[in-house]
Amino acid sequence: MAYQLLNPGKRIPLERESNSRMKLLIYQPDGHPLENVLRQGLTTKGHEIESFFFPDIAALTAGLRQASGGDIILILVPPDKKELSRLAMMRAPLLDKKIILILPDNREETISTAHRLHPRYISDADGDFSDTIAVLSKMIGNAGSHAPGELIADPAHG
């Protein structure tokens with residue numbers, strides 16, 4: 001089941017929403033710190049954005065079917081190489097989405113698999129996610145101005 005984050009500590013089931021709002025769909029294993037980091041570090045001034053968290057790939061797949069229309073940004077945080085490979089195999093529903101991918105490690109094989117998803121940005125799970133927050137903020141600020149799959153420069157590197 002997917003949950004919409006309305007305020008800290010409160011989750012409600014995902015239901016069909018209006019198609020005009022920007023949607024942030026986040027696939028992450030339970031207990032991953034990214035949810036708290038996003039809540040604390042991301043400001044969406046001037047933008048209507050709905051955030052939905054998915055604990056597994058089955059829930060993400062169902063959420064992708066429901067969240068049609070409007071701008072959709074995906075943050076994918078596979079816990080291991082096996083889950084990353086599963087995401088890469090379901091590539092078709094992800095092709096027209098803006099993807100930020102946070103990898104479990106930075107091995108060459110993992111990065112190669114990650115590129116099959118055509119993400120806008122790739123990071124790894126080590127660190128404070130400030131780079132991810134900066135890229136996401138830029139994507140939200142530029143919503144609709146980039147083609148799906150177009151890379152966005154890492155703000156830490158200019």
# chains A, B, ... in the order shown; residues from 1 in each chain; ligands from 1

$ residues_around --residues "region 72-87 of chain A" --least-positions-apart "4" --cutoff "6 Å" --atoms "only C-alpha atoms" --output "PDB file with C-alpha atoms, in the first residue's frame"
ATOM      1  CA  MET A  22       3.067  17.757  -9.307  1.00  0.00           C
ATOM      2  CA  LYS A  23       3.540  14.358  -7.705  1.00  0.00           C
ATOM      3  CA  LEU A  24       6.624  13.027  -5.952  1.00  0.00           C
ATOM      4  CA  LEU A  25       6.631   9.220  -5.789  1.00  0.00           C
ATOM      5  CA  ILE A  26       9.265   7.723  -3.519  1.00  0.00           C
ATOM      6  CA  TYR A  27      10.178   4.040  -3.452  1.00  0.00           C
ATOM      7  CA  GLN A  28      12.233   3.258  -0.372  1.00  0.00           C
ATOM      8  CA  LYS A  98      11.776  12.120 -14.078  1.00  0.00           C
ATOM      9  CA  ILE A  99      13.900   9.833 -11.909  1.00  0.00           C
ATOM     10  CA  ILE A 100      16.326  10.454  -9.079  1.00  0.00           C
ATOM     11  CA  LEU A 101      18.086   7.217  -8.194  1.00  0.00           C
ATOM     12  CA  ILE A 102      19.832   6.619  -4.869  1.00  0.00           C
ATOM     13  CA  PRO A 104      22.931   1.058  -2.379  1.00  0.00           C
TER      14      PRO A 104
END

$ select_by_dssp --residues "region 76-138 of chain A" --states "strand (DSSP E or B)" --output "PyMOL selection string"
chain A and resi 76+98-103+121-124

$ write_last_selection --atoms "N, CA and C atoms" --output "PDB file, in the first residue's frame"
ATOM      1  N   LEU A  76      13.876   6.820  -6.414  1.00  0.00           N
ATOM      2  CA  LEU A  76      13.973   5.375  -6.233  1.00  0.00           C
ATOM      3  C   LEU A  76      15.177   5.072  -5.354  1.00  0.00           C
ATOM      4  N   LYS A  98      10.537  11.487 -14.521  1.00  0.00           N
ATOM      5  CA  LYS A  98      11.776  12.120 -14.078  1.00  0.00           C
ATOM      6  C   LYS A  98      12.249  11.345 -12.859  1.00  0.00           C
ATOM      7  N   ILE A  99      13.442  10.752 -12.948  1.00  0.00           N
ATOM      8  CA  ILE A  99      13.900   9.833 -11.909  1.00  0.00           C
ATOM      9  C   ILE A  99      15.163  10.347 -11.230  1.00  0.00           C
ATOM     10  N   ILE A 100      15.127  10.303  -9.903  1.00  0.00           N
ATOM     11  CA  ILE A 100      16.326  10.454  -9.079  1.00  0.00           C
ATOM     12  C   ILE A 100      16.560   9.079  -8.480  1.00  0.00           C
ATOM     13  N   LEU A 101      17.769   8.569  -8.627  1.00  0.00           N
ATOM     14  CA  LEU A 101      18.086   7.217  -8.194  1.00  0.00           C
ATOM     15  C   LEU A 101      19.164   7.264  -7.120  1.00  0.00           C
ATOM     16  N   ILE A 102      18.870   6.685  -5.969  1.00  0.00           N
ATOM     17  CA  ILE A 102      19.832   6.619  -4.869  1.00  0.00           C
ATOM     18  C   ILE A 102      20.246   5.165  -4.720  1.00  0.00           C
ATOM     19  N   LEU A 103      21.500   4.891  -5.040  1.00  0.00           N
ATOM     20  CA  LEU A 103      21.999   3.518  -5.137  1.00  0.00           C
ATOM     21  C   LEU A 103      22.509   2.988  -3.796  1.00  0.00           C
ATOM     22  N   TYR A 121      19.308  11.948 -12.186  1.00  0.00           N
ATOM     23  CA  TYR A 121      20.383  12.124 -11.223  1.00  0.00           C
ATOM     24  C   TYR A 121      20.610  10.804 -10.494  1.00  0.00           C
ATOM     25  N   ILE A 122      21.876  10.475 -10.246  1.00  0.00           N
ATOM     26  CA  ILE A 122      22.256   9.277  -9.506  1.00  0.00           C
ATOM     27  C   ILE A 122      23.115   9.700  -8.324  1.00  0.00           C
ATOM     28  N   SER A 123      22.784   9.154  -7.165  1.00  0.00           N
ATOM     29  CA  SER A 123      23.570   9.372  -5.960  1.00  0.00           C
ATOM     30  C   SER A 123      23.681   8.022  -5.259  1.00  0.00           C
ATOM     31  N   ASP A 124      24.405   7.976  -4.143  1.00  0.00           N
ATOM     32  CA  ASP A 124      24.426   6.734  -3.383  1.00  0.00           C
ATOM     33  C   ASP A 124      23.887   7.000  -1.984  1.00  0.00           C
TER      34      ASP A 124
END

$ select_by_dssp --residues "region 46-136 of chain A" --states "helix (DSSP H, G or I)" --output "MDAnalysis selection string"
chainID A and resid 57:66 81:89 92:94 108:115 130:136

$ closest_residue --among "A:Gln66, A:Thr132, A:Asp30, A:Asp71" --to "Phe54 (chain A)" --atoms "only C-alpha atoms"
A:Asp30

$ residues_around --residues "Pro93 (chain A)" --least-positions-apart "3" --cutoff "10 Å" --atoms "only C-alpha atoms" --output "JSON, numbers by chain"
{"A": [61, 64, 65, 87, 90, 96, 97]}

$ residues_around --residues "Ser112 (chain A)" --least-positions-apart "2" --cutoff "12 Å" --atoms "only C-alpha atoms" --output "JSON, numbers by chain"
{"A": [81, 84, 85, 88, 103, 105, 106, 107, 108, 109, 110, 114, 115, 116, 117, 118, 119, 122]}
